[in-house]
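Source file structure.txt; content: compact mmCIF, C-alpha atoms.
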# COMPACT_ATOMS: atom_id res chain seq x y z
CA MET L 3 -28.90 -19.34 19.49
CA GLU L 4 -25.14 -19.10 19.18
CA ARG L 5 -25.39 -18.13 15.52
CA ALA L 6 -27.91 -15.39 16.33
CA VAL L 7 -25.61 -13.98 19.00
CA ASN L 8 -22.70 -14.03 16.53
CA TYR L 9 -24.75 -12.12 13.95
CA VAL L 10 -25.80 -9.55 16.54
CA VAL L 11 -22.22 -9.00 17.68
CA LEU L 12 -20.93 -8.76 14.10
CA THR L 13 -23.70 -6.33 13.17
CA LEU L 14 -22.87 -4.10 16.12
CA MET L 15 -19.17 -4.16 15.28
CA ALA L 16 -19.94 -3.32 11.66
CA LEU L 17 -22.06 -0.36 12.71
CA ILE L 18 -19.34 0.88 15.04
CA VAL L 19 -16.80 0.71 12.20
CA LEU L 20 -19.07 2.16 9.50
CA PHE L 21 -20.51 5.03 11.54
CA PRO L 22 -17.41 7.30 11.34
CA ILE L 23 -17.03 6.42 7.65
CA GLY L 24 -20.65 7.37 6.98
CA THR L 25 -20.21 10.60 8.92
CA PHE L 26 -17.11 11.43 6.87
CA VAL L 27 -18.93 10.80 3.57
CA THR L 28 -21.95 12.89 4.57
CA SER L 29 -19.60 15.69 5.62
CA ALA L 30 -17.98 15.60 2.18
CA LEU L 31 -21.42 15.94 0.56
CA SER L 32 -22.71 18.62 2.92
CA PRO L 33 -23.32 22.14 1.59
CA ASP L 34 -22.53 23.48 5.07
CA ARG L 35 -18.92 24.60 5.66
CA SER L 36 -18.81 22.78 8.99
CA GLY L 37 -19.82 19.51 7.34
CA LYS L 38 -23.16 19.32 9.12
CA PRO L 39 -25.10 16.24 7.91
CA VAL L 40 -28.04 16.95 5.60
CA GLY L 41 -30.66 14.96 3.75
CA ILE L 42 -29.91 13.05 0.57
CA ALA L 43 -31.78 15.62 -1.51
CA ASP L 44 -29.45 18.36 -0.26
CA PHE L 45 -26.18 16.57 -1.06
CA GLN L 46 -23.70 18.86 -2.82
CA TRP L 47 -21.59 16.83 -5.24
CA ASP L 48 -19.80 19.98 -6.39
CA ASN L 49 -17.59 19.71 -3.29
CA PHE L 50 -15.54 17.02 -5.04
CA ALA L 51 -15.11 19.14 -8.17
CA THR L 52 -14.05 22.12 -6.07
CA ALA L 53 -11.56 20.06 -4.08
CA TRP L 54 -10.16 18.47 -7.25
CA ARG L 55 -9.66 21.83 -8.94
CA ASP L 56 -8.36 23.89 -6.02
CA ALA L 57 -5.96 21.19 -4.74
CA GLY L 58 -4.52 20.44 -8.18
CA PHE L 59 -5.25 16.75 -7.76
CA SER L 60 -5.07 16.01 -11.49
CA ARG L 61 -1.27 16.36 -11.53
CA ALA L 62 -0.69 15.12 -7.98
CA MET L 63 -2.77 11.96 -8.46
CA ALA L 64 -0.90 11.18 -11.68
CA VAL L 65 2.46 11.54 -9.90
CA SER L 66 1.31 9.31 -7.02
CA MET L 67 -0.01 6.70 -9.45
CA ILE L 68 3.28 6.60 -11.39
CA ILE L 69 5.27 6.20 -8.18
CA ALA L 70 2.92 3.56 -6.73
CA VAL L 71 2.77 1.45 -9.91
CA CYS L 72 6.56 1.48 -10.37
CA VAL L 73 7.17 0.66 -6.70
CA VAL L 74 4.62 -2.17 -6.67
CA ALA L 75 6.02 -3.70 -9.85
CA GLY L 76 9.62 -3.49 -8.63
CA GLN L 77 8.86 -4.67 -5.10
CA VAL L 78 6.80 -7.66 -6.22
CA LEU L 79 9.45 -8.74 -8.73
CA LEU L 80 12.31 -8.45 -6.24
CA ALA L 81 10.26 -10.04 -3.46
CA LEU L 82 9.38 -12.99 -5.70
CA LEU L 83 13.01 -13.59 -6.61
CA GLY L 84 14.33 -13.03 -3.08
CA GLY L 85 11.60 -15.00 -1.35
CA TYR L 86 11.99 -17.86 -3.80
CA ALA L 87 15.74 -17.92 -3.29
CA PHE L 88 15.47 -17.97 0.50
CA GLY L 89 12.34 -20.09 0.78
CA VAL L 90 12.77 -22.75 -1.91
CA LEU L 91 16.27 -22.79 -3.37
CA GLY L 92 18.10 -22.39 -0.06
CA VAL L 93 20.90 -20.10 -1.24
CA VAL L 94 24.35 -20.43 0.25
CA GLY L 95 24.69 -18.34 3.40
CA ASP L 96 20.96 -17.73 3.75
CA ARG L 97 21.22 -17.92 7.55
CA VAL L 98 23.43 -14.85 7.42
CA LEU L 99 21.98 -13.06 4.40
CA PHE L 100 18.33 -13.30 5.43
CA PRO L 101 18.80 -11.56 8.82
CA ILE L 102 20.73 -8.84 6.99
CA VAL L 103 17.76 -8.36 4.66
CA LEU L 104 15.45 -8.19 7.67
CA LEU L 105 17.50 -5.33 9.09
CA GLY L 106 15.81 -3.16 6.46
CA MET L 107 12.53 -3.67 8.33
CA MET L 108 14.02 -2.61 11.64
CA ILE L 109 15.64 0.67 10.63
CA SER L 110 13.47 3.70 11.37
CA LEU L 111 13.04 6.08 8.47
CA GLU L 112 13.30 9.06 10.77
CA ALA L 113 16.78 7.90 11.84
CA ILE L 114 18.19 7.91 8.29
CA ILE L 115 16.16 10.62 6.56
CA VAL L 116 18.78 13.38 6.97
CA PRO L 117 21.84 11.49 5.64
CA LEU L 118 19.61 9.94 2.98
CA TYR L 119 18.54 13.36 1.79
CA TYR L 120 22.09 14.69 1.52
CA GLN L 121 23.25 11.53 -0.25
CA PHE L 122 20.45 11.75 -2.80
CA ARG L 123 21.05 15.46 -3.26
CA THR L 124 24.69 14.71 -4.08
CA LEU L 125 23.54 12.15 -6.65
CA GLY L 126 21.01 14.58 -8.12
CA LEU L 127 18.03 12.38 -7.17
CA THR L 128 16.07 14.81 -5.01
CA ASN L 129 12.80 16.07 -6.49
CA THR L 130 12.87 13.26 -9.06
CA LEU L 131 10.50 10.34 -9.43
CA PRO L 132 13.31 7.76 -9.86
CA GLY L 133 14.80 8.92 -6.56
CA ILE L 134 11.60 8.53 -4.53
CA ILE L 135 10.86 5.20 -6.24
CA LEU L 136 14.31 3.94 -5.29
CA ILE L 137 13.77 4.92 -1.65
CA HIS L 138 10.40 3.19 -1.51
CA LEU L 139 11.92 0.05 -2.99
CA GLY L 140 14.73 0.08 -0.44
CA MET L 141 12.24 0.44 2.40
CA GLY L 142 9.69 -2.06 1.08
CA VAL L 143 11.68 -4.93 -0.45
CA PRO L 144 12.83 -6.39 2.91
CA PHE L 145 9.23 -6.91 3.99
CA GLY L 146 8.35 -8.28 0.55
CA VAL L 147 11.16 -10.84 0.71
CA PHE L 148 10.13 -11.84 4.23
CA TRP L 149 6.48 -12.16 3.17
CA MET L 150 7.13 -14.22 0.03
CA ARG L 151 9.68 -16.43 1.80
CA ALA L 152 7.02 -17.40 4.34
CA ALA L 153 4.52 -18.04 1.54
CA PHE L 154 6.93 -20.20 -0.46
CA ARG L 155 8.03 -22.20 2.58
CA ALA L 156 4.38 -23.06 3.26
CA LEU L 157 4.12 -24.80 -0.13
CA PRO L 158 4.64 -28.58 -0.31
CA ARG L 159 8.31 -29.35 -0.82
CA SER L 160 7.48 -32.60 -2.64
CA ALA L 161 6.02 -30.66 -5.58
CA PHE L 162 9.33 -28.89 -6.20
CA GLU L 163 11.29 -32.12 -5.81
CA SER L 164 9.08 -33.82 -8.40
CA ALA L 165 9.46 -30.92 -10.82
CA GLU L 166 13.22 -30.92 -10.33
CA MET L 167 13.35 -34.63 -11.08
CA ASP L 168 11.41 -33.97 -14.30
CA GLY L 169 14.11 -31.53 -15.39
CA ALA L 170 12.48 -28.21 -14.55
CA GLY L 171 14.93 -25.42 -13.80
CA PRO L 172 14.63 -22.89 -10.95
CA LEU L 173 13.06 -20.16 -13.09
CA ARG L 174 10.64 -22.60 -14.68
CA MET L 175 9.52 -23.81 -11.25
CA LEU L 176 9.09 -20.22 -10.08
CA ARG L 177 7.04 -19.24 -13.13
CA SER L 178 4.94 -22.39 -13.49
CA MET L 179 4.59 -23.63 -9.90
CA ALA L 180 5.67 -21.37 -7.07
CA ALA L 181 4.15 -18.08 -8.28
CA PRO L 182 0.72 -19.56 -9.20
CA MET L 183 0.52 -21.50 -5.94
CA ALA L 184 1.43 -18.40 -3.92
CA ARG L 185 -0.94 -16.12 -5.83
CA PRO L 186 -3.01 -15.03 -2.77
CA ALA L 187 0.17 -13.92 -1.00
CA ILE L 188 1.25 -12.03 -4.12
CA TYR L 189 -2.09 -10.22 -4.33
CA THR L 190 -1.80 -9.29 -0.67
CA LEU L 191 1.71 -7.95 -1.21
CA ILE L 192 0.48 -5.89 -4.18
CA LEU L 193 -2.28 -4.35 -2.09
CA LEU L 194 -0.06 -3.63 0.91
CA SER L 195 2.73 -2.17 -1.23
CA PHE L 196 0.33 0.07 -3.14
CA MET L 197 -1.36 1.23 0.06
CA TRP L 198 1.90 2.06 1.84
CA THR L 199 3.34 3.86 -1.17
CA TRP L 200 0.16 5.78 -1.98
CA ASN L 201 -0.36 6.91 1.62
CA ASP L 202 3.24 8.07 2.08
CA TYR L 203 3.50 11.67 3.20
CA PHE L 204 6.83 12.04 4.97
CA LEU L 205 9.14 10.95 2.14
CA SER L 206 7.18 12.87 -0.47
CA LEU L 207 7.23 16.02 1.65
CA VAL L 208 11.01 15.85 2.08
CA PHE L 209 12.13 14.70 -1.37
CA LEU L 210 9.51 16.13 -3.75
CA HIS L 211 8.13 19.60 -4.32
CA GLY L 212 6.58 21.76 -6.99
CA GLU L 213 5.04 19.82 -9.88
CA ASN L 214 6.27 16.53 -8.45
CA GLN L 215 4.24 16.71 -5.23
CA THR L 216 2.12 13.65 -4.53
CA ALA L 217 -1.59 13.43 -3.74
CA THR L 218 -1.02 13.23 0.03
CA VAL L 219 1.15 16.35 0.03
CA ALA L 220 -1.35 18.17 -2.20
CA LEU L 221 -4.06 17.19 0.27
CA GLY L 222 -2.01 18.59 3.14
CA VAL L 223 -1.54 21.90 1.33
CA PHE L 224 -5.23 21.97 0.44
CA GLN L 225 -6.29 21.38 4.05
CA GLY L 226 -4.02 24.19 5.16
CA LYS L 227 -5.92 26.58 2.87
CA TYR L 228 -9.41 25.35 3.73
CA VAL L 229 -8.96 24.50 7.41
CA THR L 230 -12.37 25.93 8.30
CA GLN L 231 -14.27 24.24 5.46
CA ILE L 232 -14.75 20.72 6.77
CA ASN L 233 -16.88 19.65 3.81
CA LEU L 234 -14.17 20.47 1.27
CA MET L 235 -11.45 18.84 3.38
CA ALA L 236 -13.55 15.68 3.67
CA ALA L 237 -14.14 15.67 -0.09
CA GLY L 238 -10.42 15.99 -0.72
CA GLY L 239 -9.68 13.17 1.71
CA LEU L 240 -12.13 10.87 -0.07
CA ILE L 241 -10.57 11.68 -3.45
CA VAL L 242 -7.10 10.72 -2.21
CA ALA L 243 -8.37 7.57 -0.48
CA ALA L 244 -10.42 6.40 -3.48
CA PRO L 245 -7.68 4.41 -5.33
CA VAL L 246 -6.81 2.39 -2.21
CA LEU L 247 -10.47 1.72 -1.46
CA VAL L 248 -11.16 0.59 -5.02
CA LEU L 249 -8.14 -1.69 -5.03
CA TYR L 250 -9.08 -3.18 -1.68
CA VAL L 251 -12.66 -3.88 -2.78
CA ALA L 252 -11.39 -5.50 -5.99
CA PHE L 253 -8.90 -7.75 -4.16
CA GLN L 254 -10.82 -8.22 -0.90
CA ARG L 255 -11.20 -11.99 -1.08
CA LYS L 256 -7.65 -12.53 -2.32
CA PHE L 257 -6.35 -10.20 0.39
CA ILE L 258 -8.04 -12.25 3.12
CA SER L 259 -6.77 -15.50 1.57
CA GLY L 260 -3.26 -14.09 1.40
CA MET L 261 -3.35 -12.97 5.03
CA LEU L 262 -4.45 -16.44 6.10
CA ALA L 263 -1.77 -18.03 3.93
CA GLY L 264 0.85 -15.78 5.51
CA ALA L 265 -0.21 -17.03 8.92
CA ILE L 266 0.71 -20.62 8.11
CA LYS L 267 3.81 -21.74 9.91
CA GLU L 268 6.96 -22.10 7.88

Translate this file's structure into structure tokens.
Amino acid sequence: MERAVNYVVLTLMALIVLFPIGTFVTSALSPDRSGKPVGIADFQWDNFATAWRDAGFSRAMAVSMIIAVCVVAGQVLLALLGGYAFGVLGVVGDRVLFPIVLLGMMISLEAIIVPLYYQFRTLGLTNTLPGIILIHLGMGVPFGVFWMRAAFRALPRSAFESAEMDGAGPLRMLRSMAAPMARPAIYTLILLSFMWTWNDYFLSLVFLHGENQTATVALGVFQGKYVTQINLMAAGGLIVAAPVLVLYVAFQRKFISGMLAGAIKE
């Protein structure tokens, strides 16, 4: 009886969550400008082609992908090294340095965006991909270090002590032991970093323009032009959301495992 009740509750919750998603998808496929739902036989797949062409998503998606891949690679590498140093090696002064790193998670972007813009303009880094990548790394690495530190501290300390007694160095232990054992947390960090970077709108709007605009900014411009055509706006939204959805589906199990691993006490 209890299992049946659980299934009923879960089914209802799933329907509540999936209903707006289904409505959004049917709106994107609707031939009606208002996005009125229609039958499967009347689906208009040309909406996606129209949105892709008119919004210039080919260039914008490529720019967003370059930024996201570079940010994810840099953040994961720095988070691995920083989390390993704080969580396993116990660097000198970590009780002072780690809170300083965490300050990066507490500073609001809106509070520093103006001086940050003028500083980057002085350095010639506005409207450049290296500039926006550097900002994303600065904003994301503190969380990455915090996340990987928690994951590494949850690993058995005896395994590292045994490896150290066998003559393994710090980098060897990181490569052969720590990173493989913390793989679910790494996959979760990859997914979160990609999602946050891909969905960024504010930074891209301020620091990039012209040919360097990202997919989210291109979507905003597209929606401004087609504000009355709900079907085309929905199609554009699905195009921009597709990479995150695909990545989440591919790493779904590892993402859940990583979230559970991050909940283990240090």

> Which one is closest to L:Ile68: L:Ala165, L:Leu131, L:Ile109, L:Leu118? Count only C-alpha atoms.
Replying inline: L:Leu131

> Which one is closest to L:Ala187: L:Pro172, L:Gly85, L:Gly226, L:Gly212? Count all atoms listed in the file.
Replying inline: L:Gly85

> Of the candidates L:Ala217, L:Leu83, L:Met183, L:Met235, which one gets nearest to L:Ala62 if we count only C-alpha atoms?
Replying inline: L:Ala217

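For the pair atom CA of L:Gly238 and atom CA of L:Ala53, the interatomic distance is 5.4 Å.
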
>> Would you compute the distance between atom CA of L:Val219 and atom CA of L:Leu79? Give it in Å to one decimal.
In response: 27.8 Å

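Distances from L:Ala81, L:Val246, L:Leu234, L:Arg255 to L:Asp56 were compared using only C-alpha atoms, and the smallest one belongs to L:Leu234.
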
>> Please list as a VMD selection string every residue within 9 Å of stretch 138-148 of chain L, counting all atoms listed in the file and excluding residues in the same chain fewer than 3 positions away.
In response: chain L and resid 69 73 to 74 76 to 78 80 to 86 88 100 103 to 107 109 111 133 to 135 151 to 153 191 195 198 to 199 205

With C-alpha atoms retained, could you export that selection as a PDB file, in the frame of the given file?
ATOM      1  CA  ILE L  69       5.270   6.200  -8.180  1.00  0.00           C
ATOM      2  CA  VAL L  73       7.170   0.660  -6.700  1.00  0.00           C
ATOM      3  CA  VAL L  74       4.620  -2.170  -6.670  1.00  0.00           C
ATOM      4  CA  GLY L  76       9.620  -3.490  -8.630  1.00  0.00           C
ATOM      5  CA  GLN L  77       8.860  -4.670  -5.100  1.00  0.00           C
ATOM      6  CA  VAL L  78       6.800  -7.660  -6.220  1.00  0.00           C
ATOM      7  CA  LEU L  80      12.310  -8.450  -6.240  1.00  0.00           C
ATOM      8  CA  ALA L  81      10.260 -10.040  -3.460  1.00  0.00           C
ATOM      9  CA  LEU L  82       9.380 -12.990  -5.700  1.00  0.00           C
ATOM     10  CA  LEU L  83      13.010 -13.590  -6.610  1.00  0.00           C
ATOM     11  CA  GLY L  84      14.330 -13.030  -3.080  1.00  0.00           C
ATOM     12  CA  GLY L  85      11.600 -15.000  -1.350  1.00  0.00           C
ATOM     13  CA  TYR L  86      11.990 -17.860  -3.800  1.00  0.00           C
ATOM     14  CA  PHE L  88      15.470 -17.970   0.500  1.00  0.00           C
ATOM     15  CA  PHE L 100      18.330 -13.300   5.430  1.00  0.00           C
ATOM     16  CA  VAL L 103      17.760  -8.360   4.660  1.00  0.00           C
ATOM     17  CA  LEU L 104      15.450  -8.190   7.670  1.00  0.00           C
ATOM     18  CA  LEU L 105      17.500  -5.330   9.090  1.00  0.00           C
ATOM     19  CA  GLY L 106      15.810  -3.160   6.460  1.00  0.00           C
ATOM     20  CA  MET L 107      12.530  -3.670   8.330  1.00  0.00           C
ATOM     21  CA  ILE L 109      15.640   0.670  10.630  1.00  0.00           C
ATOM     22  CA  LEU L 111      13.040   6.080   8.470  1.00  0.00           C
ATOM     23  CA  GLY L 133      14.800   8.920  -6.560  1.00  0.00           C
ATOM     24  CA  ILE L 134      11.600   8.530  -4.530  1.00  0.00           C
ATOM     25  CA  ILE L 135      10.860   5.200  -6.240  1.00  0.00           C
ATOM     26  CA  ARG L 151       9.680 -16.430   1.800  1.00  0.00           C
ATOM     27  CA  ALA L 152       7.020 -17.400   4.340  1.00  0.00           C
ATOM     28  CA  ALA L 153       4.520 -18.040   1.540  1.00  0.00           C
ATOM     29  CA  LEU L 191       1.710  -7.950  -1.210  1.00  0.00           C
ATOM     30  CA  SER L 195       2.730  -2.170  -1.230  1.00  0.00           C
ATOM     31  CA  TRP L 198       1.900   2.060   1.840  1.00  0.00           C
ATOM     32  CA  THR L 199       3.340   3.860  -1.170  1.00  0.00           C
ATOM     33  CA  LEU L 205       9.140  10.950   2.140  1.00  0.00           C
TER      34      LEU L 205
END

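You can rank L:Leu17, L:Leu210, L:Ile137, L:Leu249 by their closest distance to L:Ile114 using only C-alpha atoms, and at the top of that list sits L:Ile137.
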
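Each of L:Leu99, L:Met108, L:Ala244, L:Leu91 was checked against L:Leu176 using only C-alpha atoms; the smallest atom-to-atom distance is that of L:Leu91.
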
>> Can you tell me which residues surround L:Trp54 at a distance of at most 10 Å, considering all atoms listed in the file, apart from same-chain residues fewer than 5 positions away, and format the answer as a PyMOL selection string?
In response: chain L and resi 48-49+59-60+63+221+224+234+237-238+241-242

> Could you pull the residues within 9 Å of L:Ile188, counting only C-alpha atoms, minus those fewer than 4 positions along the same chain, as number ranges by chain?
Replying inline: L: 78, 82, 149-150, 153, 181, 184, 192-193, 260

How would the residues just chosen look if you wrote them out with C-alpha atoms as a short mmCIF file (atom, residue, chain, number, x, y, z; two decimals), in the frame of the given file?
data_model
loop_
_atom_site.label_atom_id
_atom_site.label_comp_id
_atom_site.auth_asym_id
_atom_site.auth_seq_id
_atom_site.Cartn_x
_atom_site.Cartn_y
_atom_site.Cartn_z
CA VAL L 78 6.80 -7.66 -6.22
CA LEU L 82 9.38 -12.99 -5.70
CA TRP L 149 6.48 -12.16 3.17
CA MET L 150 7.13 -14.22 0.03
CA ALA L 153 4.52 -18.04 1.54
CA ALA L 181 4.15 -18.08 -8.28
CA ALA L 184 1.43 -18.40 -3.92
CA ILE L 192 0.48 -5.89 -4.18
CA LEU L 193 -2.28 -4.35 -2.09
CA GLY L 260 -3.26 -14.09 1.40
#

> In Å to one decimal, how far is atom CA of L:Ala64 from atom CA of L:Gln121?
Replying inline: 26.7 Å
